[in-house]
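Data file: data17.cif. Format and content: mmCIF, N, CA and C atoms.
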data_final
#
loop_
_atom_site.label_atom_id
_atom_site.label_comp_id
_atom_site.auth_asym_id
_atom_site.auth_seq_id
_atom_site.Cartn_x
_atom_site.Cartn_y
_atom_site.Cartn_z
N MET T 139 -10.56 13.39 -25.10
CA MET T 139 -10.06 12.20 -24.44
C MET T 139 -8.68 11.87 -25.01
N HIS T 140 -7.77 11.52 -24.13
CA HIS T 140 -6.40 11.18 -24.52
C HIS T 140 -6.28 9.69 -24.84
N ALA T 141 -5.19 9.35 -25.49
CA ALA T 141 -4.92 7.94 -25.82
C ALA T 141 -4.87 7.10 -24.56
N GLU T 142 -4.39 7.68 -23.46
CA GLU T 142 -4.29 6.96 -22.20
C GLU T 142 -5.65 6.45 -21.72
N HIS T 143 -6.68 7.24 -21.92
CA HIS T 143 -8.03 6.82 -21.52
C HIS T 143 -8.45 5.57 -22.30
N LYS T 144 -8.17 5.57 -23.59
CA LYS T 144 -8.51 4.42 -24.43
C LYS T 144 -7.69 3.19 -24.00
N ILE T 145 -6.41 3.38 -23.77
CA ILE T 145 -5.53 2.28 -23.35
C ILE T 145 -6.01 1.69 -22.03
N LEU T 146 -6.35 2.55 -21.08
CA LEU T 146 -6.82 2.07 -19.78
C LEU T 146 -8.18 1.39 -19.90
N GLY T 147 -9.04 1.87 -20.78
CA GLY T 147 -10.32 1.22 -21.02
C GLY T 147 -10.13 -0.19 -21.57
N GLU T 148 -9.21 -0.32 -22.52
CA GLU T 148 -8.89 -1.65 -23.07
C GLU T 148 -8.28 -2.55 -22.00
N PHE T 149 -7.42 -1.97 -21.17
CA PHE T 149 -6.80 -2.72 -20.07
C PHE T 149 -7.87 -3.29 -19.15
N LEU T 150 -8.84 -2.46 -18.76
CA LEU T 150 -9.90 -2.91 -17.87
C LEU T 150 -10.73 -4.03 -18.50
N SER T 151 -10.99 -3.91 -19.79
CA SER T 151 -11.72 -4.98 -20.50
C SER T 151 -10.94 -6.28 -20.47
N GLU T 152 -9.64 -6.19 -20.68
CA GLU T 152 -8.80 -7.39 -20.67
C GLU T 152 -8.70 -7.99 -19.27
N VAL T 153 -8.63 -7.14 -18.26
CA VAL T 153 -8.58 -7.64 -16.88
C VAL T 153 -9.87 -8.38 -16.56
N ARG T 154 -10.96 -7.87 -17.04
CA ARG T 154 -12.25 -8.53 -16.83
C ARG T 154 -12.24 -9.93 -17.45
N VAL T 155 -11.71 -10.04 -18.65
CA VAL T 155 -11.60 -11.33 -19.32
C VAL T 155 -10.64 -12.25 -18.56
N ASP T 156 -9.51 -11.70 -18.12
CA ASP T 156 -8.54 -12.49 -17.36
C ASP T 156 -9.16 -13.06 -16.09
N LEU T 157 -9.84 -12.21 -15.34
CA LEU T 157 -10.44 -12.66 -14.08
C LEU T 157 -11.57 -13.65 -14.34
N ASP T 158 -12.30 -13.44 -15.41
CA ASP T 158 -13.36 -14.37 -15.78
C ASP T 158 -12.77 -15.76 -16.08
N LEU T 159 -11.67 -15.79 -16.79
CA LEU T 159 -10.97 -17.04 -17.08
C LEU T 159 -10.51 -17.73 -15.79
N ILE T 160 -9.99 -16.95 -14.89
CA ILE T 160 -9.51 -17.50 -13.61
C ILE T 160 -10.68 -18.07 -12.81
N VAL T 161 -11.76 -17.29 -12.71
CA VAL T 161 -12.90 -17.69 -11.90
C VAL T 161 -13.59 -18.93 -12.48
N TYR T 162 -13.76 -18.95 -13.80
CA TYR T 162 -14.57 -20.02 -14.39
C TYR T 162 -13.78 -21.18 -15.01
N LYS T 163 -12.46 -21.06 -15.11
CA LYS T 163 -11.65 -22.17 -15.64
C LYS T 163 -10.63 -22.67 -14.62
N ILE T 164 -9.82 -21.78 -14.11
CA ILE T 164 -8.72 -22.18 -13.22
C ILE T 164 -9.24 -22.64 -11.86
N LEU T 165 -10.08 -21.83 -11.24
CA LEU T 165 -10.56 -22.18 -9.90
C LEU T 165 -11.38 -23.47 -9.86
N PRO T 166 -12.26 -23.74 -10.84
CA PRO T 166 -12.96 -25.04 -10.79
C PRO T 166 -12.00 -26.23 -10.85
N GLU T 167 -10.92 -26.08 -11.59
CA GLU T 167 -9.91 -27.15 -11.64
C GLU T 167 -9.28 -27.34 -10.26
N MET T 168 -9.07 -26.25 -9.55
CA MET T 168 -8.49 -26.33 -8.21
C MET T 168 -9.47 -26.96 -7.21
N VAL T 169 -10.76 -26.72 -7.42
CA VAL T 169 -11.77 -27.38 -6.59
C VAL T 169 -11.74 -28.88 -6.85
N ALA T 170 -11.66 -29.24 -8.14
CA ALA T 170 -11.61 -30.66 -8.50
C ALA T 170 -10.38 -31.35 -7.93
N GLU T 171 -9.27 -30.60 -7.84
CA GLU T 171 -8.03 -31.14 -7.29
C GLU T 171 -8.03 -31.11 -5.75
N LYS T 172 -9.11 -30.60 -5.17
CA LYS T 172 -9.25 -30.46 -3.71
C LYS T 172 -8.25 -29.46 -3.12
N VAL T 173 -7.82 -28.52 -3.96
CA VAL T 173 -6.93 -27.46 -3.51
C VAL T 173 -7.74 -26.31 -2.93
N LEU T 174 -8.95 -26.12 -3.46
CA LEU T 174 -9.88 -25.12 -2.96
C LEU T 174 -11.18 -25.81 -2.57
N SER T 175 -11.87 -25.25 -1.59
CA SER T 175 -13.16 -25.82 -1.18
C SER T 175 -14.28 -25.33 -2.10
N GLU T 176 -15.33 -26.11 -2.16
CA GLU T 176 -16.49 -25.72 -2.95
C GLU T 176 -17.15 -24.46 -2.39
N ASN T 177 -17.16 -24.33 -1.06
CA ASN T 177 -17.74 -23.13 -0.44
C ASN T 177 -16.97 -21.87 -0.83
N LEU T 178 -15.65 -21.97 -0.84
CA LEU T 178 -14.83 -20.83 -1.24
C LEU T 178 -15.07 -20.49 -2.71
N TYR T 179 -15.18 -21.51 -3.52
CA TYR T 179 -15.43 -21.26 -4.95
C TYR T 179 -16.80 -20.60 -5.16
N GLU T 180 -17.80 -21.07 -4.45
CA GLU T 180 -19.13 -20.47 -4.58
C GLU T 180 -19.11 -19.01 -4.14
N ALA T 181 -18.43 -18.73 -3.05
CA ALA T 181 -18.33 -17.34 -2.58
C ALA T 181 -17.58 -16.49 -3.60
N THR T 182 -16.57 -17.06 -4.23
CA THR T 182 -15.79 -16.33 -5.24
C THR T 182 -16.65 -16.01 -6.46
N THR T 183 -17.40 -17.00 -6.95
CA THR T 183 -18.23 -16.74 -8.13
C THR T 183 -19.33 -15.73 -7.83
N ASN T 184 -19.90 -15.79 -6.64
CA ASN T 184 -20.92 -14.81 -6.26
C ASN T 184 -20.33 -13.40 -6.20
N ALA T 185 -19.16 -13.27 -5.61
CA ALA T 185 -18.49 -11.96 -5.53
C ALA T 185 -18.14 -11.45 -6.92
N TRP T 186 -17.70 -12.37 -7.79
CA TRP T 186 -17.34 -11.99 -9.16
C TRP T 186 -18.57 -11.47 -9.91
N LYS T 187 -19.68 -12.16 -9.79
CA LYS T 187 -20.92 -11.72 -10.45
C LYS T 187 -21.33 -10.34 -9.94
N ASP T 188 -21.17 -10.13 -8.65
CA ASP T 188 -21.55 -8.88 -8.02
C ASP T 188 -20.67 -7.71 -8.50
N LEU T 189 -19.48 -8.01 -8.95
CA LEU T 189 -18.51 -6.99 -9.35
C LEU T 189 -18.69 -6.51 -10.79
N GLN T 190 -19.51 -7.18 -11.57
CA GLN T 190 -19.63 -6.86 -13.00
C GLN T 190 -20.11 -5.42 -13.23
N ASP T 191 -21.06 -4.96 -12.45
CA ASP T 191 -21.55 -3.58 -12.61
C ASP T 191 -20.45 -2.57 -12.33
N ARG T 192 -19.54 -2.92 -11.42
CA ARG T 192 -18.44 -2.01 -11.08
C ARG T 192 -17.54 -1.80 -12.30
N PHE T 193 -17.25 -2.85 -13.03
CA PHE T 193 -16.45 -2.70 -14.25
C PHE T 193 -17.12 -1.75 -15.23
N ASP T 194 -18.43 -1.90 -15.40
CA ASP T 194 -19.16 -1.03 -16.31
C ASP T 194 -19.08 0.43 -15.86
N GLU T 195 -19.27 0.65 -14.57
CA GLU T 195 -19.24 2.01 -14.04
C GLU T 195 -17.85 2.63 -14.16
N VAL T 196 -16.82 1.86 -13.86
CA VAL T 196 -15.45 2.38 -13.97
C VAL T 196 -15.15 2.74 -15.42
N SER T 197 -15.54 1.89 -16.35
CA SER T 197 -15.29 2.16 -17.77
C SER T 197 -15.96 3.46 -18.21
N LYS T 198 -17.17 3.70 -17.73
CA LYS T 198 -17.89 4.93 -18.09
C LYS T 198 -17.21 6.17 -17.51
N ARG T 199 -16.74 6.07 -16.29
CA ARG T 199 -16.17 7.23 -15.61
C ARG T 199 -14.70 7.48 -15.93
N LEU T 200 -14.08 6.56 -16.59
CA LEU T 200 -12.67 6.69 -16.91
C LEU T 200 -12.38 7.96 -17.71
N ALA T 201 -13.25 8.31 -18.61
CA ALA T 201 -13.06 9.49 -19.45
C ALA T 201 -13.05 10.79 -18.64
N GLU T 202 -13.61 10.77 -17.42
CA GLU T 202 -13.67 11.97 -16.59
C GLU T 202 -12.34 12.28 -15.89
N ILE T 203 -11.44 11.32 -15.89
CA ILE T 203 -10.17 11.54 -15.20
C ILE T 203 -9.30 12.45 -16.06
N LYS T 204 -8.76 13.48 -15.43
CA LYS T 204 -7.92 14.44 -16.13
C LYS T 204 -6.55 13.82 -16.44
N TYR T 205 -5.99 14.25 -17.56
CA TYR T 205 -4.69 13.74 -17.99
C TYR T 205 -3.63 13.95 -16.90
N ASP T 206 -3.65 15.11 -16.24
CA ASP T 206 -2.65 15.40 -15.20
C ASP T 206 -2.73 14.40 -14.05
N GLU T 207 -3.94 13.93 -13.74
CA GLU T 207 -4.10 12.93 -12.69
C GLU T 207 -3.49 11.60 -13.13
N LEU T 208 -3.73 11.24 -14.38
CA LEU T 208 -3.14 10.01 -14.91
C LEU T 208 -1.61 10.11 -14.90
N ARG T 209 -1.13 11.24 -15.33
CA ARG T 209 0.32 11.46 -15.36
C ARG T 209 0.91 11.38 -13.96
N GLY T 210 0.25 11.99 -13.00
CA GLY T 210 0.73 11.98 -11.62
C GLY T 210 0.75 10.58 -11.01
N ALA T 211 -0.11 9.70 -11.52
CA ALA T 211 -0.17 8.34 -11.01
C ALA T 211 0.69 7.37 -11.82
N GLY T 212 1.46 7.90 -12.76
CA GLY T 212 2.29 7.04 -13.59
C GLY T 212 1.49 6.26 -14.62
N LEU T 213 0.38 6.83 -15.04
CA LEU T 213 -0.49 6.15 -16.00
C LEU T 213 -0.59 6.92 -17.32
N SER T 214 0.54 7.43 -17.76
CA SER T 214 0.57 8.13 -19.04
C SER T 214 1.91 7.87 -19.72
N GLY T 215 1.94 8.15 -20.98
CA GLY T 215 3.18 8.10 -21.75
C GLY T 215 3.98 6.82 -21.60
N LEU T 216 5.27 7.00 -21.42
CA LEU T 216 6.20 5.87 -21.35
C LEU T 216 5.95 4.99 -20.13
N GLN T 217 5.51 5.59 -19.03
CA GLN T 217 5.23 4.79 -17.83
C GLN T 217 4.05 3.84 -18.06
N LEU T 218 3.00 4.36 -18.64
CA LEU T 218 1.84 3.51 -18.94
C LEU T 218 2.21 2.45 -19.97
N ASN T 219 2.95 2.85 -21.00
CA ASN T 219 3.37 1.90 -22.02
C ASN T 219 4.15 0.73 -21.40
N PHE T 220 5.07 1.04 -20.50
CA PHE T 220 5.85 0.00 -19.84
C PHE T 220 4.95 -0.96 -19.05
N LYS T 221 4.03 -0.40 -18.28
CA LYS T 221 3.14 -1.23 -17.46
C LYS T 221 2.22 -2.10 -18.32
N ILE T 222 1.71 -1.53 -19.41
CA ILE T 222 0.85 -2.30 -20.32
C ILE T 222 1.65 -3.42 -20.97
N GLU T 223 2.88 -3.14 -21.38
CA GLU T 223 3.72 -4.17 -21.98
C GLU T 223 4.03 -5.28 -20.98
N ALA T 224 4.23 -4.93 -19.73
CA ALA T 224 4.47 -5.94 -18.69
C ALA T 224 3.25 -6.83 -18.52
N VAL T 225 2.08 -6.22 -18.51
CA VAL T 225 0.84 -7.01 -18.39
C VAL T 225 0.69 -7.91 -19.61
N ASN T 226 0.91 -7.37 -20.80
CA ASN T 226 0.75 -8.15 -22.02
C ASN T 226 1.73 -9.32 -22.06
N PHE T 227 2.96 -9.09 -21.64
CA PHE T 227 3.97 -10.16 -21.60
C PHE T 227 3.54 -11.24 -20.63
N SER T 228 3.12 -10.84 -19.44
CA SER T 228 2.69 -11.81 -18.42
C SER T 228 1.45 -12.57 -18.88
N ARG T 229 0.52 -11.88 -19.51
CA ARG T 229 -0.70 -12.52 -20.01
C ARG T 229 -0.34 -13.56 -21.08
N LYS T 230 0.57 -13.20 -21.98
CA LYS T 230 0.98 -14.13 -23.04
C LYS T 230 1.59 -15.39 -22.44
N LYS T 231 2.48 -15.22 -21.47
CA LYS T 231 3.12 -16.37 -20.82
C LYS T 231 2.08 -17.23 -20.10
N PHE T 232 1.15 -16.58 -19.43
CA PHE T 232 0.10 -17.31 -18.72
C PHE T 232 -0.74 -18.12 -19.70
N LEU T 233 -1.17 -17.51 -20.78
CA LEU T 233 -2.03 -18.20 -21.75
C LEU T 233 -1.28 -19.34 -22.45
N GLU T 234 0.02 -19.14 -22.69
CA GLU T 234 0.83 -20.20 -23.30
C GLU T 234 0.93 -21.42 -22.39
N ASN T 235 0.84 -21.20 -21.09
CA ASN T 235 1.00 -22.28 -20.11
C ASN T 235 -0.32 -22.67 -19.46
N LEU T 236 -1.42 -22.29 -20.06
CA LEU T 236 -2.74 -22.53 -19.49
C LEU T 236 -3.01 -24.02 -19.26
N GLY T 237 -2.57 -24.86 -20.15
CA GLY T 237 -2.82 -26.29 -20.02
C GLY T 237 -1.82 -27.03 -19.15
N GLU T 238 -0.82 -26.32 -18.66
CA GLU T 238 0.24 -26.96 -17.89
C GLU T 238 0.15 -26.52 -16.42
N ASN T 239 -0.44 -27.34 -15.60
CA ASN T 239 -0.67 -26.97 -14.19
C ASN T 239 0.60 -26.55 -13.46
N ARG T 240 1.70 -27.22 -13.75
CA ARG T 240 2.93 -26.97 -13.01
C ARG T 240 3.42 -25.53 -13.15
N HIS T 241 3.39 -24.99 -14.36
CA HIS T 241 3.89 -23.63 -14.58
C HIS T 241 2.79 -22.58 -14.57
N ARG T 242 1.56 -23.02 -14.79
CA ARG T 242 0.45 -22.09 -14.93
C ARG T 242 0.32 -21.18 -13.70
N ARG T 243 0.41 -21.73 -12.51
CA ARG T 243 0.20 -20.91 -11.30
C ARG T 243 1.27 -19.84 -11.16
N ARG T 244 2.50 -20.17 -11.54
CA ARG T 244 3.58 -19.18 -11.46
C ARG T 244 3.29 -18.02 -12.42
N PHE T 245 2.88 -18.35 -13.65
CA PHE T 245 2.58 -17.31 -14.62
C PHE T 245 1.29 -16.57 -14.27
N LEU T 246 0.36 -17.25 -13.63
CA LEU T 246 -0.86 -16.59 -13.16
C LEU T 246 -0.50 -15.54 -12.11
N ARG T 247 0.33 -15.90 -11.18
CA ARG T 247 0.76 -14.93 -10.15
C ARG T 247 1.48 -13.74 -10.77
N SER T 248 2.30 -14.01 -11.76
CA SER T 248 3.01 -12.93 -12.46
C SER T 248 2.01 -11.99 -13.14
N LEU T 249 1.01 -12.56 -13.77
CA LEU T 249 -0.02 -11.74 -14.42
C LEU T 249 -0.76 -10.89 -13.40
N LEU T 250 -1.14 -11.48 -12.28
CA LEU T 250 -1.87 -10.73 -11.25
C LEU T 250 -1.03 -9.58 -10.70
N LYS T 251 0.26 -9.79 -10.53
CA LYS T 251 1.14 -8.71 -10.06
C LYS T 251 1.25 -7.60 -11.09
N ALA T 252 1.36 -7.97 -12.36
CA ALA T 252 1.46 -6.96 -13.41
C ALA T 252 0.16 -6.15 -13.49
N ILE T 253 -0.96 -6.82 -13.38
CA ILE T 253 -2.25 -6.13 -13.37
C ILE T 253 -2.32 -5.15 -12.21
N ASP T 254 -1.80 -5.57 -11.07
CA ASP T 254 -1.84 -4.73 -9.88
C ASP T 254 -1.04 -3.43 -10.06
N SER T 255 0.00 -3.48 -10.89
CA SER T 255 0.81 -2.27 -11.10
C SER T 255 -0.02 -1.15 -11.71
N ILE T 256 -1.04 -1.51 -12.46
CA ILE T 256 -1.92 -0.49 -13.05
C ILE T 256 -3.15 -0.26 -12.17
N LEU T 257 -3.80 -1.34 -11.73
CA LEU T 257 -5.00 -1.18 -10.90
C LEU T 257 -4.70 -0.38 -9.63
N GLY T 258 -3.55 -0.66 -9.01
CA GLY T 258 -3.19 0.06 -7.79
C GLY T 258 -3.09 1.55 -8.02
N SER T 259 -2.43 1.93 -9.11
CA SER T 259 -2.29 3.36 -9.43
C SER T 259 -3.64 3.97 -9.79
N LEU T 260 -4.43 3.22 -10.55
CA LEU T 260 -5.74 3.73 -10.96
C LEU T 260 -6.68 3.90 -9.77
N SER T 261 -6.60 3.00 -8.81
CA SER T 261 -7.50 3.10 -7.66
C SER T 261 -7.17 4.30 -6.77
N VAL T 262 -5.93 4.78 -6.83
CA VAL T 262 -5.57 5.98 -6.05
C VAL T 262 -6.30 7.20 -6.58
N ILE T 263 -6.41 7.31 -7.90
CA ILE T 263 -7.08 8.48 -8.47
C ILE T 263 -8.56 8.24 -8.76
N MET T 264 -8.96 6.98 -8.69
CA MET T 264 -10.36 6.63 -8.94
C MET T 264 -10.77 5.54 -7.95
N PRO T 265 -11.17 5.95 -6.74
CA PRO T 265 -11.49 4.96 -5.69
C PRO T 265 -12.53 3.92 -6.10
N LEU T 266 -13.30 4.21 -7.12
CA LEU T 266 -14.29 3.28 -7.63
C LEU T 266 -13.65 1.95 -8.07
N VAL T 267 -12.36 1.98 -8.37
CA VAL T 267 -11.62 0.80 -8.83
C VAL T 267 -11.26 -0.13 -7.67
N GLU T 268 -11.25 0.38 -6.47
CA GLU T 268 -10.76 -0.38 -5.31
C GLU T 268 -11.40 -1.77 -5.15
N PRO T 269 -12.71 -1.93 -5.28
CA PRO T 269 -13.27 -3.28 -5.16
C PRO T 269 -12.72 -4.28 -6.19
N ILE T 270 -12.42 -3.79 -7.39
CA ILE T 270 -11.81 -4.65 -8.41
C ILE T 270 -10.42 -5.07 -7.95
N THR T 271 -9.66 -4.10 -7.46
CA THR T 271 -8.31 -4.37 -6.96
C THR T 271 -8.36 -5.37 -5.81
N GLU T 272 -9.29 -5.18 -4.90
CA GLU T 272 -9.40 -6.08 -3.74
C GLU T 272 -9.82 -7.48 -4.16
N PHE T 273 -10.69 -7.59 -5.15
CA PHE T 273 -11.09 -8.91 -5.64
C PHE T 273 -9.88 -9.62 -6.23
N LYS T 274 -9.11 -8.90 -7.05
CA LYS T 274 -7.91 -9.47 -7.65
C LYS T 274 -6.94 -9.93 -6.57
N GLU T 275 -6.78 -9.12 -5.53
CA GLU T 275 -5.89 -9.49 -4.42
C GLU T 275 -6.41 -10.71 -3.66
N ALA T 276 -7.71 -10.80 -3.49
CA ALA T 276 -8.29 -11.96 -2.81
C ALA T 276 -8.08 -13.22 -3.63
N ILE T 277 -8.22 -13.11 -4.95
CA ILE T 277 -7.95 -14.25 -5.82
C ILE T 277 -6.50 -14.69 -5.63
N ASP T 278 -5.59 -13.73 -5.65
CA ASP T 278 -4.17 -14.05 -5.46
C ASP T 278 -3.93 -14.73 -4.11
N SER T 279 -4.64 -14.28 -3.09
CA SER T 279 -4.42 -14.84 -1.74
C SER T 279 -4.91 -16.27 -1.59
N ILE T 280 -5.89 -16.70 -2.41
CA ILE T 280 -6.40 -18.06 -2.26
C ILE T 280 -5.67 -19.06 -3.15
N LEU T 281 -4.82 -18.56 -4.02
CA LEU T 281 -4.06 -19.46 -4.88
C LEU T 281 -3.01 -20.20 -4.05
N PRO T 282 -2.87 -21.50 -4.28
CA PRO T 282 -1.86 -22.24 -3.51
C PRO T 282 -0.45 -21.92 -3.98
#

Encoded form (structure tokens):
Amino acid sequence: MHAEHKILGEFLSEVRVDLDLIVYKILPEMVAEKVLSENLYEATTNAWKDLQDRFDEVSKRLAEIKYDELRGAGLSGLQLNFKIEAVNFSRKKFLENLGENRHRRRFLRSLLKAIDSILGSLSVIMPLVEPITEFKEAIDSILP
């Protein structure tokens, strides 16, 4: 197994934590502010719970992806390092602004876009990732 497999495994774990924070902290605040409906929030939490097994399965199968496939998708070496650093930077800014509603949504969108730069590439070589990518995109679409 290459270092890239470990880095991507850690990335997926962090994305899971990020999305969990969004689903269980950010979205309830938006429901309270009447920005999102309770029905939409309930559907979101149900979909999120349903997706947990997918994260486990993707993490297990990640080691089966050949290095050349990762390289071809821009998920190795300097390209992967750049994308991971972009996600980490966006995550740091988002977490720093977590308590500030005015800036939080802007940094949340930035984080979701940075995550997509890796999830999108990973889903091309591992279609099993696609439901995670689509959930992330749906979250982005319901944000005001």

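Coordinates place CA of Ser228 in chain T at a distance of 28.3 Å from CA of Glu176 in chain T.
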
* Neighbours of Val262 in chain T within 12 Å (only C-alpha atoms; same-chain residues fewer than 3 positions away dropped), as a list of chain:residue names? -> T:Ile203, T:Glu207, T:Leu208, T:Gly210, T:Ala211, T:Gly212, T:Leu213, T:Asp254, T:Ser255, T:Ile256, T:Leu257, T:Gly258, T:Ser259, T:Pro265, T:Leu266, T:Val267, T:Glu268, T:Thr271

* All residues 10 Å or closer to Glu142 in chain T, only C-alpha atoms, same chain fewer than 5 positions away omitted, as a ChimeraX atom specification -> /T:147-148,200-201,205,208-209,213-215,218-219

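When only C-alpha atoms are used to compute distances to Met264 in chain T, the closest of the residues T:Arg154, T:Arg192, T:Lys172, T:Arg199 turns out to be T:Arg199.
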
* To do: Within 7 Å of Arg247 in chain T, counting only N, CA and C atoms, which residues show up once you throw out same-chain ones fewer than 5 positions away? Write them as a PyMOL selection string, please.
  => chain T and resi 242+252+278

Take the residues from that selection and write them out as an mmCIF file, in the coordinates of the input, keeping N, CA and C atoms.
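The file below, again-v5.cif, is the result:
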data_model
loop_
_atom_site.group_PDB
_atom_site.id
_atom_site.type_symbol
_atom_site.label_atom_id
_atom_site.label_comp_id
_atom_site.auth_asym_id
_atom_site.auth_seq_id
_atom_site.Cartn_x
_atom_site.Cartn_y
_atom_site.Cartn_z
ATOM 1 N N ARG T 242 1.560 -23.020 -14.790
ATOM 2 C CA ARG T 242 0.450 -22.090 -14.930
ATOM 3 C C ARG T 242 0.320 -21.180 -13.700
ATOM 4 N N ALA T 252 1.360 -7.970 -12.360
ATOM 5 C CA ALA T 252 1.460 -6.960 -13.410
ATOM 6 C C ALA T 252 0.160 -6.150 -13.490
ATOM 7 N N ASP T 278 -5.590 -13.730 -5.650
ATOM 8 C CA ASP T 278 -4.170 -14.050 -5.460
ATOM 9 C C ASP T 278 -3.930 -14.730 -4.110
#

* Structure fact -> As a check of understanding: the span from CA of Ile253 in chain T to atom N of Val225 in chain T is 6.7 Å
